[in-house]
Amino acid sequence: MDTMELGVMQETTQIIVIQLGEEQYGVDIKFIDNIVKMQHITRVPKVPEYLKGVINLRGEVIPVMSVRLKMGLPVDEINKDTRIIILKLDTHGSIGIIIDQVKEVVTLDSEQIEKVSYDGKDERVNYIYGIGKYEGGLISLLDFNAVLAE
Amino acid sequence: MDVSQYLEIFLDETKEHLQSLNTQILNLEHSPEDADTINEIFRAAHSLKGMAGTMGYKRMQALTHEMENAFTEIRNGTLKIKSNMIDAIFQAIDALEEYLNNIQEDADEGTNDNEPLIKLFQEILAGGGKEEAPAKKTKGTKKKATKAEKQEKWSEIVLGDTEMNVLAVAKKQDKNVYGITVKIQDSCLLKAARAFLVFKAVEDLGEVVVSEPSTQDIEDEKFDTTFSLIVITEYPVAKIIEAAESVSEIEAVTGGDLEIDMSVLGEDEDANGLITTGNALATTGGGGSQGGAQQEKKVSRPVANRTVRVDIEKLDVLMNLVSELIIAKNSLVSASGNEESSDRNSGVNEQIEYLESVTTNLHESVMKVRMVPIESVVNKFPRMIRDLSKKLGKKIELYMSGEETELDRTVVDEIGDPLMHLLRNAADHGLEETADRIRSGKPEVGSIFLDAYQEGNNVVIEVRDDGAGVDIEAVKRKAVERGIISFDQGENMSEKDIVDLLFHAGFSTAKVVSDVSGRGVGLDVVKSKIEALSGEVEVKSIRGEGSTWIVRLPLTLAIIQALMVTVGDEKYALSLGSIQTIEDVKPADIKFVQASEVINLRGTVIPIIRMNEILDNESKKSPEDDMIVVIVKKGEKMAGLIVDELMGQQEIVIKSLGKYISKCKFISGATILGDGEVALILDANVLI
């Protein structure tokens with residue numbers, strides 16, 4: 001939620017645009033600690049399917065989740081473009097999310113972000129807090145409180 | 001003088017002194033005549049007074065001053081210890097602790113003058129038959145006592161053969177041999193420095209042959225306020241004394257001729273070493289027995305270690321760096337293992353082995369730095385039990401052993417509360433009322449034992465009482481009443497399971513809720529606290545004979561020796577501490593007991609756990625192959641874990657799985673292997 005407020009207060013927000021399936025999503029750059037290539041993930045037993053396991057990031061053990069599985073999309077296809085974005089969040093600590101591709105960094109001002117309200121129909125809408133309009137394209141801005149909620 | 005920078009040291013040292021007072025006064029209660037204890041108390045009270053005075057805490061100083069006075073009288077034998085005195089002293093310690101707490105909070109001692117207490121002390125002193133003002137009288141007697149002591153001092157020095165010889169030779173050359181004893185003022189802060197100046201002054205005039213205590217001890221300030229020297233000089237004794245007295249803060253110097261048995265020399269020239277030894281001992285003024293007594297006294301005095309106080313956070317940083325180093329070392333090991341062995345490689349391997357031993361030692365040393373004896377925690381318990389005993393009206397004796405057992409500093413800091421709770425529980429619920437004890441033919445005084453010892457990679461702390469034991473039926477009834485279990489469940493539960501219900505949240509069987517224990521919160525908190533420290537607690541109880549609470553804590557938290565195993569194509573680590581043995585078992589040896597698989601290992605029936613099933617993983621071995629079974633032990637329970645392969649032993653650094661994945665109970669953490677891969681650590685304690 002504070003993402004939204006900050007977005008309003010600040011003139012502009014820097015967004016990393018990522019590809020997940022057919023759609024483009026946006027991640028606020030202030031949450032991103034690092035972006036690493038896909039690597040071996042150690043499976044952890046007895047956890048929900050979307051939690052793929054843990055990786056070693058410079059000596060720290062970081063849990064990794066599949067956003068696709070969490071959002072009800074088809075299983076990840078791992079290829080050379082697949083990346084793990086390491087997020088640093090106050091509530092959950094460090095966590096990695098697997099995404100199909102990192103496209104670009106864009107700067108949006110607050111007018112270009114349209115808030116969406118929960119309507120319960122489309123499950124995917126639950127995971128975004130806003131839509132960014134950019135050069136005619138639309139970016140769904142991910143709400144990590146919802147994505148990471150259990 | 002700005003003393004704020006010393007505040008922390010003051011707080012630490014005051015705490016130590018108060019703790020030592022508590023312990024010593026408990027000793028005193030048992031043996032009121034023990035001179036060592038009285039001296040120790042006097043010394044602690046004296047240091048407290050001095051420190052409080054230096055820091056400008058007047059009220060604290062006033063109170064300790066009264067305590068010191070009282071103990072001066074006791075030390076001189078003019079005042080006998082009575083139980084009302086012990087109580088008064090305990091009250092005084094409590095009052096001092098209160099001052100200390102105030103100081104800790106806002107660097108101010110507060111406004112409580114504790115007049116009634118001071119008055120009480122003065123009354124006690126007056127009751128001892130003093131007509132003069134107690135403080136004044138004290139001073140007089142003290143001085144007299146020290147003077148009498150002083151004259152003896154230098155003549156008591158025990159001389160060795162060589163020293164005896166040197167002195168005899170000097171005497172033969174018509175030099176003077178003197179013994180002198182120097183007393184430094186009580187208020188002197190830099191005793192070692194003063195002593196050094198005295199040495200220097202004396203050495204300008206002659207040669208110091210022997211000193212008591214040794215020069216090393218004097219340098220380390222391991223002496224009270226007096227020290228003695230034996231000097232060879234051409235000057236008269238008065239000149240030596242004058243030189244020593246010229247050093248400031250010296251209270252008094254006494255000295256005189258040292259009698260030397262010249263026969264030592266003669267006999268030694270006859271090369272008759274054996275007799276010499278006997279003579280030398282006999283000539284040393286005080287004689288053998290006196291020397292021996294002094295020696296003994298020296299031993300009983302605590303040896304002050306050379307220590308540095310270090311911020312625990314700095315140690316944590318150091319620890320993390322060592323962890324990183326070990327990970328880096330592990331990757332080197334696996335990198336060198338991957339290549340084809342060649343001549344060039346053998347040199348590398350040698351160096352890697354060397355690096356390995358250095359990192360292991362480094363790790364152990366850093367770990368050791370973080371280890372502190374549990375003494376600092378358990379020391380307050382005797383006092384607590386004494387107070388509880390009065391409060392509950394039960395006669396209780398606490399026996400402690402293994403106070404020197406060491407644990408990681410972080411664990412020691414946390415373990416105090418749970419242990420205190422277990423002790424209170426034992427005193428309140430465990431031990432019966434005195435009348436009941438007499439009726440059941442037990443000794444009137446209830447005993448509580450606190451034993452600490454190391455067991456493998458764990459430290460075990462047992463709290464045992466010889467009370468009534470756990471009333472299984474009462475626990476069962478209560479559990480049903482509280483809706484924790486159903487009646488039917490209760491009927492089918494084993495005794496052990498019922499006893500374990502005591503750890504259930506909101507469970508208290510005491511019929512009367514006392515303010516000692518039993519407010520509904522308790523054992524469940526103890527359990528969760530100990531589990532938070534990666535430890536465990538269990539209880540054994542025999543009705544009528546007592547209960548034992550067993551707390552097991554890991555020795556270290558960060559780096560462990562582990563056995564690496566594979567299950568399917570995944571690697572896992574098992575703490576070596578919980579592993580008993582590793583067995584090869586034929587599939588045919590697996591038997592079924594109550595529909596679960598067991599093996600019979602040398603007469604013991606051990607349930608087995610197929611790790612691939614637990615881990616939702618495919619085993620790579622065919623069912624006909626022999627199985628590798630890792631036998632793990634938790635307390636008295638054992639289990640056999642079936643794994644695919646053993647990879648060997650490795651030192652691993654425990655990392656948390658992160659906040660987000662904490663659901664998996666039997667995974668206690670993760671570690672990073674040499675190749676950078678993450679392996680999970682299996683918690684055998686949960687699997688059993």
# chains A, B, ... in the order shown; residues from 1 in each chain; ligands from 1
call {"tool": "closest_atom_pairs", "arguments": {"of": "range 28-116 of chain A", "to": "range 135-144 of chain A", "cutoff": "9 Å", "atoms": "only C-alpha atoms", "output": "CSV"}}
result
residue,atom,partner,partner_atom,distance
A:Asp28,CA,A:Leu141,CA,7.8
A:Leu89,CA,A:Phe144,CA,8.7
A:Ile113,CA,A:Leu141,CA,8.8
call {"tool": "write_last_selection", "arguments": {"atoms": "N, CA, C and O atoms", "output": "CSV table (one decimal), in the first residue's frame"}}
result
chain,number,residue,atom,x,y,z
A,28,ASP,N,8.5,-1.9,-9.0
A,28,ASP,CA,9.2,-0.7,-8.6
A,28,ASP,C,10.6,-0.9,-8.2
A,28,ASP,O,11.0,-1.8,-7.5
A,89,LEU,N,12.4,-6.7,0.9
A,89,LEU,CA,11.2,-6.2,1.5
A,89,LEU,C,11.2,-6.1,3.0
A,89,LEU,O,11.8,-7.0,3.6
A,113,ILE,N,0.1,6.6,-13.9
A,113,ILE,CA,-0.3,5.3,-13.1
A,113,ILE,C,-1.8,5.4,-12.8
A,113,ILE,O,-2.2,6.4,-12.1
call {"tool": "residues_around", "arguments": {"residues": "Ser596 in chain B", "least_positions_apart": "6", "cutoff": "12 Å", "atoms": "only C-alpha atoms", "output": "list in words"}}
result
Ile590, Val605, Ile606, Pro607, Ile608, Ile609 and Arg610 of chain B
call {"tool": "closest_residue", "arguments": {"among": "A:Met71, A:Ile78, A:Lys115, A:Ile15", "to": "Ile32 in chain A", "atoms": "only C-alpha atoms"}}
result
A:Ile15
call {"tool": "interface_residues", "arguments": {"of": "chain A", "to": "chain B", "cutoff": "9 Å", "atoms": "only C-alpha atoms", "output": "NGL selection string"}}
result
:A and (40-47 or 51 or 53-63 or 91-95 or 148)
call {"tool": "residues_around", "arguments": {"residues": "Val366 in chain B", "least_positions_apart": "6", "cutoff": "9 Å", "atoms": "only C-alpha atoms", "output": "list in words"}}
result
Leu315, Leu318, Met319 and Val322 of chain B
call {"tool": "write_last_selection", "arguments": {"atoms": "C-alpha atoms", "output": "CSV table (one decimal), in the first residue's frame"}}
result
chain,number,residue,atom,x,y,z
B,315,LEU,CA,32.5,-10.9,18.0
B,318,LEU,CA,34.3,-11.8,13.5
B,319,MET,CA,32.2,-15.0,13.6
B,322,VAL,CA,35.1,-16.9,9.9
call {"tool": "residues_around", "arguments": {"residues": "Ser440 in chain B", "least_positions_apart": "4", "cutoff": "12 Å", "atoms": "only C-alpha atoms", "output": "ChimeraX atom specification"}}
result
/B:432-436,444,467-468,544-545
call {"tool": "residues_around", "arguments": {"residues": "Arg68 in chain A", "least_positions_apart": "6", "cutoff": "10 Å", "atoms": "only C-alpha atoms", "output": "PDB file with all heavy atoms, in the first residue's frame"}}
result
ATOM      1  N   LEU A  20       6.077 -11.727 -18.147  1.00  0.00           N
ATOM      2  CA  LEU A  20       5.572 -12.936 -17.484  1.00  0.00           C
ATOM      3  C   LEU A  20       4.483 -13.480 -18.399  1.00  0.00           C
ATOM      4  O   LEU A  20       3.429 -12.868 -18.522  1.00  0.00           O
ATOM      5  CB  LEU A  20       4.953 -12.599 -16.134  1.00  0.00           C
ATOM      6  CG  LEU A  20       5.781 -12.701 -14.864  1.00  0.00           C
ATOM      7  CD1 LEU A  20       4.949 -12.363 -13.653  1.00  0.00           C
ATOM      8  CD2 LEU A  20       6.407 -14.080 -14.720  1.00  0.00           C
ATOM      9  N   GLY A  21       4.743 -14.591 -19.065  1.00  0.00           N
ATOM     10  CA  GLY A  21       3.765 -15.116 -20.020  1.00  0.00           C
ATOM     11  C   GLY A  21       3.579 -14.111 -21.141  1.00  0.00           C
ATOM     12  O   GLY A  21       4.539 -13.583 -21.704  1.00  0.00           O
ATOM     13  N   TYR A  50       4.494 -23.145  -5.347  1.00  0.00           N
ATOM     14  CA  TYR A  50       5.093 -21.940  -5.937  1.00  0.00           C
ATOM     15  C   TYR A  50       6.422 -21.558  -5.293  1.00  0.00           C
ATOM     16  O   TYR A  50       7.189 -20.775  -5.847  1.00  0.00           O
ATOM     17  CB  TYR A  50       4.116 -20.756  -5.901  1.00  0.00           C
ATOM     18  CG  TYR A  50       3.657 -20.359  -4.519  1.00  0.00           C
ATOM     19  CD1 TYR A  50       4.436 -19.544  -3.719  1.00  0.00           C
ATOM     20  CD2 TYR A  50       2.434 -20.795  -4.011  1.00  0.00           C
ATOM     21  CE1 TYR A  50       4.026 -19.180  -2.451  1.00  0.00           C
ATOM     22  CE2 TYR A  50       2.006 -20.441  -2.744  1.00  0.00           C
ATOM     23  CZ  TYR A  50       2.798 -19.632  -1.972  1.00  0.00           C
ATOM     24  OH  TYR A  50       2.388 -19.290  -0.728  1.00  0.00           O
ATOM     25  N   PRO A  74       0.728 -20.735 -16.372  1.00  0.00           N
ATOM     26  CA  PRO A  74       1.397 -22.013 -16.629  1.00  0.00           C
ATOM     27  C   PRO A  74       2.812 -22.036 -16.032  1.00  0.00           C
ATOM     28  O   PRO A  74       3.401 -20.982 -15.778  1.00  0.00           O
ATOM     29  CB  PRO A  74       1.480 -22.071 -18.166  1.00  0.00           C
ATOM     30  CG  PRO A  74       0.485 -21.095 -18.647  1.00  0.00           C
ATOM     31  CD  PRO A  74       0.306 -20.061 -17.603  1.00  0.00           C
ATOM     32  N   VAL A  75       3.330 -23.252 -15.855  1.00  0.00           N
ATOM     33  CA  VAL A  75       4.654 -23.455 -15.246  1.00  0.00           C
ATOM     34  C   VAL A  75       5.746 -22.715 -16.037  1.00  0.00           C
ATOM     35  O   VAL A  75       5.651 -22.579 -17.253  1.00  0.00           O
ATOM     36  CB  VAL A  75       4.976 -24.971 -15.224  1.00  0.00           C
ATOM     37  CG1 VAL A  75       6.308 -25.231 -14.552  1.00  0.00           C
ATOM     38  CG2 VAL A  75       3.862 -25.725 -14.525  1.00  0.00           C
ATOM     39  N   ASP A  76       6.761 -22.222 -15.309  1.00  0.00           N
ATOM     40  CA  ASP A  76       7.851 -21.477 -15.942  1.00  0.00           C
ATOM     41  C   ASP A  76       8.558 -22.303 -17.011  1.00  0.00           C
ATOM     42  O   ASP A  76       8.796 -23.499 -16.824  1.00  0.00           O
ATOM     43  CB  ASP A  76       8.908 -21.100 -14.895  1.00  0.00           C
ATOM     44  CG  ASP A  76       8.348 -20.210 -13.829  1.00  0.00           C
ATOM     45  OD1 ASP A  76       7.753 -20.755 -12.862  1.00  0.00           O
ATOM     46  OD2 ASP A  76       8.473 -19.004 -13.945  1.00  0.00           O
ATOM     47  N   ILE A  97      12.193 -13.769  -7.095  1.00  0.00           N
ATOM     48  CA  ILE A  97      11.058 -14.196  -7.915  1.00  0.00           C
ATOM     49  C   ILE A  97      11.573 -14.521  -9.323  1.00  0.00           C
ATOM     50  O   ILE A  97      12.443 -13.840  -9.857  1.00  0.00           O
ATOM     51  CB  ILE A  97       9.932 -13.124  -7.979  1.00  0.00           C
ATOM     52  CG1 ILE A  97      10.467 -11.775  -8.483  1.00  0.00           C
ATOM     53  CG2 ILE A  97       9.273 -12.949  -6.619  1.00  0.00           C
ATOM     54  CD1 ILE A  97       9.363 -10.783  -8.787  1.00  0.00           C
ATOM     55  N   ILE A  98      11.025 -15.600  -9.860  1.00  0.00           N
ATOM     56  CA  ILE A  98      11.462 -16.039 -11.194  1.00  0.00           C
ATOM     57  C   ILE A  98      10.580 -15.347 -12.234  1.00  0.00           C
ATOM     58  O   ILE A  98       9.345 -15.360 -12.119  1.00  0.00           O
ATOM     59  CB  ILE A  98      11.310 -17.565 -11.337  1.00  0.00           C
ATOM     60  CG1 ILE A  98      12.112 -18.269 -10.245  1.00  0.00           C
ATOM     61  CG2 ILE A  98      11.766 -18.022 -12.724  1.00  0.00           C
ATOM     62  CD1 ILE A  98      11.829 -19.747 -10.170  1.00  0.00           C
ATOM     63  N   ILE A  99      11.206 -14.736 -13.222  1.00  0.00           N
ATOM     64  CA  ILE A  99      10.436 -14.088 -14.271  1.00  0.00           C
ATOM     65  C   ILE A  99      11.007 -14.498 -15.634  1.00  0.00           C
ATOM     66  O   ILE A  99      12.128 -14.978 -15.729  1.00  0.00           O
ATOM     67  CB  ILE A  99      10.445 -12.549 -14.109  1.00  0.00           C
ATOM     68  CG1 ILE A  99      11.890 -12.034 -13.936  1.00  0.00           C
ATOM     69  CG2 ILE A  99       9.636 -12.117 -12.901  1.00  0.00           C
ATOM     70  CD1 ILE A  99      12.304 -11.147 -15.026  1.00  0.00           C
ATOM     71  N   ASP A 100      10.209 -14.314 -16.677  1.00  0.00           N
ATOM     72  CA  ASP A 100      10.612 -14.824 -17.989  1.00  0.00           C
ATOM     73  C   ASP A 100      11.720 -13.987 -18.610  1.00  0.00           C
ATOM     74  O   ASP A 100      12.619 -14.501 -19.254  1.00  0.00           O
ATOM     75  CB  ASP A 100       9.406 -14.822 -18.941  1.00  0.00           C
ATOM     76  CG  ASP A 100       8.372 -15.851 -18.503  1.00  0.00           C
ATOM     77  OD1 ASP A 100       8.685 -16.630 -17.587  1.00  0.00           O
ATOM     78  OD2 ASP A 100       7.254 -15.860 -19.058  1.00  0.00           O
TER      79      ASP A 100
END
call {"tool": "select_by_dssp", "arguments": {"residues": "range 48-96 of chain A", "states": "alpha helix (DSSP H)", "output": "list in words"}}
result
Val67, Arg68, Leu69 and Lys70 of chain A
call {"tool": "residues_around", "arguments": {"residues": "Lys527 in chain B", "least_positions_apart": "3", "cutoff": "9 Å", "atoms": "only C-alpha atoms", "output": "JSON, numbers by chain"}}
result
{"B": [418, 503, 522, 523, 524, 530, 531, 532, 535, 536, 537, 538]}
call {"tool": "decode", "arguments": {"residues": "range 215-251 of chain B", "atoms": "N, CA and C atoms", "output": "PDB file, in the first residue's frame"}}
result
ATOM      1  N   THR B 215      57.455 -10.991  41.416  1.00  0.00           N
ATOM      2  CA  THR B 215      57.398  -9.731  40.668  1.00  0.00           C
ATOM      3  C   THR B 215      56.303  -9.768  39.610  1.00  0.00           C
ATOM      4  N   GLN B 216      56.124 -10.946  39.022  1.00  0.00           N
ATOM      5  CA  GLN B 216      55.079 -11.065  37.992  1.00  0.00           C
ATOM      6  C   GLN B 216      53.709 -10.752  38.603  1.00  0.00           C
ATOM      7  N   ASP B 217      53.440 -11.343  39.757  1.00  0.00           N
ATOM      8  CA  ASP B 217      52.153 -11.115  40.416  1.00  0.00           C
ATOM      9  C   ASP B 217      51.999  -9.656  40.819  1.00  0.00           C
ATOM     10  N   ILE B 218      53.082  -9.057  41.248  1.00  0.00           N
ATOM     11  CA  ILE B 218      53.012  -7.652  41.645  1.00  0.00           C
ATOM     12  C   ILE B 218      52.691  -6.796  40.435  1.00  0.00           C
ATOM     13  N   GLU B 219      53.348  -7.114  39.292  1.00  0.00           N
ATOM     14  CA  GLU B 219      53.053  -6.372  38.067  1.00  0.00           C
ATOM     15  C   GLU B 219      51.591  -6.502  37.686  1.00  0.00           C
ATOM     16  N   ASP B 220      51.039  -7.671  37.909  1.00  0.00           N
ATOM     17  CA  ASP B 220      49.641  -7.910  37.547  1.00  0.00           C
ATOM     18  C   ASP B 220      48.676  -7.454  38.640  1.00  0.00           C
ATOM     19  N   GLU B 221      49.201  -6.822  39.663  1.00  0.00           N
ATOM     20  CA  GLU B 221      48.414  -6.376  40.810  1.00  0.00           C
ATOM     21  C   GLU B 221      47.726  -7.516  41.532  1.00  0.00           C
ATOM     22  N   LYS B 222      48.348  -8.675  41.508  1.00  0.00           N
ATOM     23  CA  LYS B 222      47.769  -9.807  42.225  1.00  0.00           C
ATOM     24  C   LYS B 222      48.274  -9.814  43.657  1.00  0.00           C
ATOM     25  N   PHE B 223      48.136  -8.721  44.353  1.00  0.00           N
ATOM     26  CA  PHE B 223      48.474  -8.712  45.766  1.00  0.00           C
ATOM     27  C   PHE B 223      47.561  -7.733  46.488  1.00  0.00           C
ATOM     28  N   ASP B 224      47.500  -7.905  47.784  1.00  0.00           N
ATOM     29  CA  ASP B 224      46.565  -7.120  48.571  1.00  0.00           C
ATOM     30  C   ASP B 224      47.060  -5.679  48.670  1.00  0.00           C
ATOM     31  N   THR B 225      47.729  -5.352  49.772  1.00  0.00           N
ATOM     32  CA  THR B 225      48.329  -4.029  49.856  1.00  0.00           C
ATOM     33  C   THR B 225      49.771  -4.114  50.346  1.00  0.00           C
ATOM     34  N   THR B 226      50.180  -5.327  50.696  1.00  0.00           N
ATOM     35  CA  THR B 226      51.549  -5.431  51.203  1.00  0.00           C
ATOM     36  C   THR B 226      52.350  -6.373  50.323  1.00  0.00           C
ATOM     37  N   PHE B 227      53.644  -6.107  50.260  1.00  0.00           N
ATOM     38  CA  PHE B 227      54.538  -7.071  49.646  1.00  0.00           C
ATOM     39  C   PHE B 227      55.880  -7.012  50.361  1.00  0.00           C
ATOM     40  N   SER B 228      56.616  -8.076  50.264  1.00  0.00           N
ATOM     41  CA  SER B 228      57.876  -8.155  51.002  1.00  0.00           C
ATOM     42  C   SER B 228      59.024  -8.437  50.058  1.00  0.00           C
ATOM     43  N   LEU B 229      60.195  -7.951  50.431  1.00  0.00           N
ATOM     44  CA  LEU B 229      61.378  -8.120  49.595  1.00  0.00           C
ATOM     45  C   LEU B 229      62.541  -8.603  50.444  1.00  0.00           C
ATOM     46  N   ILE B 230      63.441  -9.318  49.831  1.00  0.00           N
ATOM     47  CA  ILE B 230      64.712  -9.592  50.491  1.00  0.00           C
ATOM     48  C   ILE B 230      65.802  -8.944  49.646  1.00  0.00           C
ATOM     49  N   VAL B 231      66.595  -8.110  50.310  1.00  0.00           N
ATOM     50  CA  VAL B 231      67.524  -7.236  49.598  1.00  0.00           C
ATOM     51  C   VAL B 231      68.958  -7.494  50.077  1.00  0.00           C
ATOM     52  N   ILE B 232      69.868  -7.488  49.125  1.00  0.00           N
ATOM     53  CA  ILE B 232      71.290  -7.526  49.493  1.00  0.00           C
ATOM     54  C   ILE B 232      71.848  -6.124  49.242  1.00  0.00           C
ATOM     55  N   THR B 233      72.460  -5.552  50.228  1.00  0.00           N
ATOM     56  CA  THR B 233      72.924  -4.171  50.072  1.00  0.00           C
ATOM     57  C   THR B 233      74.130  -3.882  50.961  1.00  0.00           C
ATOM     58  N   GLU B 234      74.783  -2.781  50.636  1.00  0.00           N
ATOM     59  CA  GLU B 234      75.902  -2.367  51.490  1.00  0.00           C
ATOM     60  C   GLU B 234      75.446  -1.340  52.504  1.00  0.00           C
ATOM     61  N   TYR B 235      74.250  -0.809  52.279  1.00  0.00           N
ATOM     62  CA  TYR B 235      73.757   0.265  53.140  1.00  0.00           C
ATOM     63  C   TYR B 235      73.030  -0.297  54.356  1.00  0.00           C
ATOM     64  N   PRO B 236      72.874   0.530  55.406  1.00  0.00           N
ATOM     65  CA  PRO B 236      72.095   0.086  56.570  1.00  0.00           C
ATOM     66  C   PRO B 236      70.602   0.013  56.229  1.00  0.00           C
ATOM     67  N   VAL B 237      69.870  -0.779  57.021  1.00  0.00           N
ATOM     68  CA  VAL B 237      68.460  -1.019  56.748  1.00  0.00           C
ATOM     69  C   VAL B 237      67.643   0.272  56.738  1.00  0.00           C
ATOM     70  N   ALA B 238      68.022   1.227  57.600  1.00  0.00           N
ATOM     71  CA  ALA B 238      67.253   2.465  57.696  1.00  0.00           C
ATOM     72  C   ALA B 238      67.220   3.200  56.360  1.00  0.00           C
ATOM     73  N   LYS B 239      68.332   3.102  55.655  1.00  0.00           N
ATOM     74  CA  LYS B 239      68.440   3.800  54.382  1.00  0.00           C
ATOM     75  C   LYS B 239      67.483   3.184  53.347  1.00  0.00           C
ATOM     76  N   ILE B 240      67.416   1.879  53.389  1.00  0.00           N
ATOM     77  CA  ILE B 240      66.511   1.173  52.469  1.00  0.00           C
ATOM     78  C   ILE B 240      65.071   1.581  52.764  1.00  0.00           C
ATOM     79  N   ILE B 241      64.722   1.551  54.056  1.00  0.00           N
ATOM     80  CA  ILE B 241      63.356   1.889  54.458  1.00  0.00           C
ATOM     81  C   ILE B 241      63.028   3.317  54.038  1.00  0.00           C
ATOM     82  N   GLU B 242      63.969   4.173  54.240  1.00  0.00           N
ATOM     83  CA  GLU B 242      63.766   5.583  53.880  1.00  0.00           C
ATOM     84  C   GLU B 242      63.487   5.716  52.380  1.00  0.00           C
ATOM     85  N   ALA B 243      64.291   4.973  51.599  1.00  0.00           N
ATOM     86  CA  ALA B 243      64.122   5.043  50.149  1.00  0.00           C
ATOM     87  C   ALA B 243      62.733   4.560  49.743  1.00  0.00           C
ATOM     88  N   ALA B 244      62.302   3.470  50.349  1.00  0.00           N
ATOM     89  CA  ALA B 244      60.994   2.918  50.009  1.00  0.00           C
ATOM     90  C   ALA B 244      59.879   3.869  50.433  1.00  0.00           C
ATOM     91  N   GLU B 245      60.068   4.477  51.599  1.00  0.00           N
ATOM     92  CA  GLU B 245      59.021   5.368  52.111  1.00  0.00           C
ATOM     93  C   GLU B 245      58.910   6.647  51.300  1.00  0.00           C
ATOM     94  N   SER B 246      59.976   6.975  50.574  1.00  0.00           N
ATOM     95  CA  SER B 246      59.942   8.218  49.801  1.00  0.00           C
ATOM     96  C   SER B 246      58.938   8.133  48.656  1.00  0.00           C
ATOM     97  N   VAL B 247      58.541   6.928  48.293  1.00  0.00           N
ATOM     98  CA  VAL B 247      57.527   6.763  47.249  1.00  0.00           C
ATOM     99  C   VAL B 247      56.180   7.160  47.847  1.00  0.00           C
ATOM    100  N   SER B 248      55.389   7.934  47.077  1.00  0.00           N
ATOM    101  CA  SER B 248      54.119   8.400  47.638  1.00  0.00           C
ATOM    102  C   SER B 248      53.115   7.250  47.726  1.00  0.00           C
ATOM    103  N   GLU B 249      52.136   7.461  48.558  1.00  0.00           N
ATOM    104  CA  GLU B 249      51.056   6.501  48.812  1.00  0.00           C
ATOM    105  C   GLU B 249      51.536   5.212  49.471  1.00  0.00           C
ATOM    106  N   ILE B 250      52.722   5.277  50.080  1.00  0.00           N
ATOM    107  CA  ILE B 250      53.180   4.115  50.835  1.00  0.00           C
ATOM    108  C   ILE B 250      52.843   4.383  52.297  1.00  0.00           C
ATOM    109  N   GLU B 251      52.133   3.425  52.916  1.00  0.00           N
ATOM    110  CA  GLU B 251      51.676   3.662  54.277  1.00  0.00           C
ATOM    111  C   GLU B 251      52.794   3.395  55.278  1.00  0.00           C
TER     112      GLU B 251
END
